[in-house]
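Have a look at the structure below, then the notes.
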Amino acid sequence: MSRLLYLQSGGPTAVLNLSAQGVIDSARALGVSVCAAADGLAGLLGGRLLDCDALSADDCARLGQLPGAAFGSSRDILPPYDEAPQLWQQLAEVLQRHDIRQLLLNGGNGSMETALLLQQLAERFQLPLTVVGIPKTIDNDLEATDFSPGFPSAAKYLASSLREVLFDMRSMAQGRVFILETMGRHVGWLAAAGCLAALPDEAPPLLLLPEVAYDEARLFAAVQAQVAVQGYCAIVVSEGLRGADGRFVAQRHADKVYGHEQLGGAGNWLAQRIQQQLQLHAHVAVADCLQRAARHLLSAVDARLAYEVGRKAVQWALAGQGGVMAAIERFATADGCDWQVVPQPLAAVANLERALPADFIAASGLDVTPACRAWLQPLLAGEVALPFADGLPDMRRLHFPPLASSP
């Protein structure tokens, strides 16, 4: 019996499992068997596959209510064939043994490169395999898609949390500075979402983006101006903030798998500079994993499109339309805008990184433009009800039985 295989890859999001639910629901409606790799590519390499057909209809519905990566994820990547021919052979054998005919990889730009390589693997080993990518990343740095599922909900969480903090700041506005550090190694989409936090009658948060070199004199002048007028100042800083020399202001070490910089500490670094140079009290909050795990504050737009990219990916894979990613396309409507899911070549996405465009960054370098606000605002629209039990979100874990080996 042939199967469709689903993999989750890279960092989780609050809507990642909605894409998984979209995959399973769509496959069931079409009478197709589905399995998932435990821990993404790492599980596939080890032949650790999970039986999604064993999920009850109720559990499948609950799957979409869970944050994280329900099947487990990993940051393993597939090297080119010339660098690891034995690895490619191992993957081909696993796919053949379980008669996998469709493979859906749910991840970011690095994962889309792996999806592209898996399609090449199928061609090299003459496997009847169709590979489709499903986008996912809170960083919103995927090319060829209007937004990446996971980003709108993370942006909604950050802007909402900062708006609440601004009320706290007003309560004790005595020369206080609040600093919120967001994720974003090389791009500032998450930090930019902080622009939506302020009410019309107050100054917007100052934004420190990776796309703009840190200018201390400019920042300090803006901080002092806001404190003089309203008694407090809020700053949103991306973890990937760089100085004029191009170096990160805060870096821990290089990741062993990707070679990417492991960042963290930009907020504390900035607080020390403000306290030392301006003698202002600065409080720091680091959103860290909270911004990608906040299932209680989903964007309804994000939830709907996360499900839809999973559903469409199944349809295209079964139709033999491989080598593509289920991208999201925005279009104008009488009421504003809406979105549809369209195929984009994996080659147009794989390992590419989309930064904030120049026309989204204000001339001051400390804010975004009205065009950016207008682009962001619709993404946060709508809420999704979450069941509660004993006063807390009802998030019982799901358990998936292992897939029986094919004869």
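Every chain in the structure tokens has a letter given in the order shown (A, B, ...), and although residue numbers restart at 1 in each chain, ligands are simply numbered from 1 in the order shown.
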Run DSSP on the backbone and grab whatever in segment 104-292 of chain A lands in strand (DSSP E); send it over as number ranges by chain. A: 104-107, 130-135, 176-182, 206-208, 232-238, 251-254, 261-263, 281-286
Those of segment 301-346 of chain A in DSSP alpha helix (DSSP H), formatted as a tab-separated table (two decimals) with C-alpha atoms, in the first residue's frame:
chain	number	residue	atom	x	y	z
A	301	VAL	CA	-5.80	34.56	9.08
A	302	ASP	CA	-2.71	32.59	10.08
A	303	ALA	CA	-4.74	29.60	11.24
A	304	ARG	CA	-6.83	29.46	8.07
A	305	LEU	CA	-3.89	29.70	5.69
A	306	ALA	CA	-1.71	27.29	7.70
A	307	TYR	CA	-4.42	24.66	7.29
A	308	GLU	CA	-4.93	25.51	3.62
A	309	VAL	CA	-1.26	25.16	2.61
A	310	GLY	CA	-1.31	21.64	4.06
A	311	ARG	CA	-4.51	20.80	2.22
A	312	LYS	CA	-3.30	22.15	-1.12
A	313	ALA	CA	0.07	20.40	-0.81
A	314	VAL	CA	-1.71	17.04	-0.66
A	315	GLN	CA	-3.72	17.80	-3.78
A	316	TRP	CA	-0.67	18.83	-5.78
A	317	ALA	CA	1.42	15.88	-4.58
A	318	LEU	CA	-1.29	13.39	-5.58
Neighbour list for Gln119 of chain A as a short mmCIF file (atom, residue, chain, number, x, y, z; two decimals) with N, CA and C atoms, in the first residue's frame, cut-off 9 Å, only C-alpha atoms, skip fewer than 4 positions in-chain:
data_model
loop_
_atom_site.label_atom_id
_atom_site.label_comp_id
_atom_site.auth_asym_id
_atom_site.auth_seq_id
_atom_site.Cartn_x
_atom_site.Cartn_y
_atom_site.Cartn_z
N THR A 114 16.11 21.30 1.42
CA THR A 114 16.08 19.84 1.60
C THR A 114 14.99 19.22 0.75
N ALA A 115 13.83 19.86 0.65
CA ALA A 115 12.75 19.35 -0.19
C ALA A 115 13.20 19.29 -1.65
N GLU A 123 14.66 11.48 -8.42
CA GLU A 123 15.08 11.36 -9.82
C GLU A 123 16.34 10.51 -9.95
N ARG A 124 17.29 10.70 -9.05
CA ARG A 124 18.56 9.96 -9.12
C ARG A 124 18.32 8.47 -8.94
N LEU A 129 8.34 9.23 -6.63
CA LEU A 129 8.13 10.11 -5.48
C LEU A 129 7.91 11.54 -5.93
N THR A 130 6.88 12.18 -5.38
CA THR A 130 6.59 13.59 -5.63
C THR A 130 6.78 14.36 -4.33
N VAL A 131 7.59 15.42 -4.37
CA VAL A 131 7.91 16.20 -3.17
C VAL A 131 7.31 17.59 -3.28
N VAL A 132 6.60 18.00 -2.22
CA VAL A 132 6.00 19.33 -2.15
C VAL A 132 6.39 19.97 -0.82
N GLY A 322 5.20 18.02 -8.39
CA GLY A 322 6.26 18.10 -7.40
C GLY A 322 7.24 19.23 -7.67
N GLY A 323 8.19 19.38 -6.76
CA GLY A 323 9.19 20.43 -6.89
C GLY A 323 8.65 21.81 -6.65
#
I need the residue nearest Pro152 of chain A from this list: A:Ser2, A:Gln174, A:Thr13, A:Gln279. Use only C-alpha atoms for the distance. A:Thr13
Pairwise distance, atom CA of Pro343 of chain A with atom CA of Leu105 of chain A, equals 14.2 Å
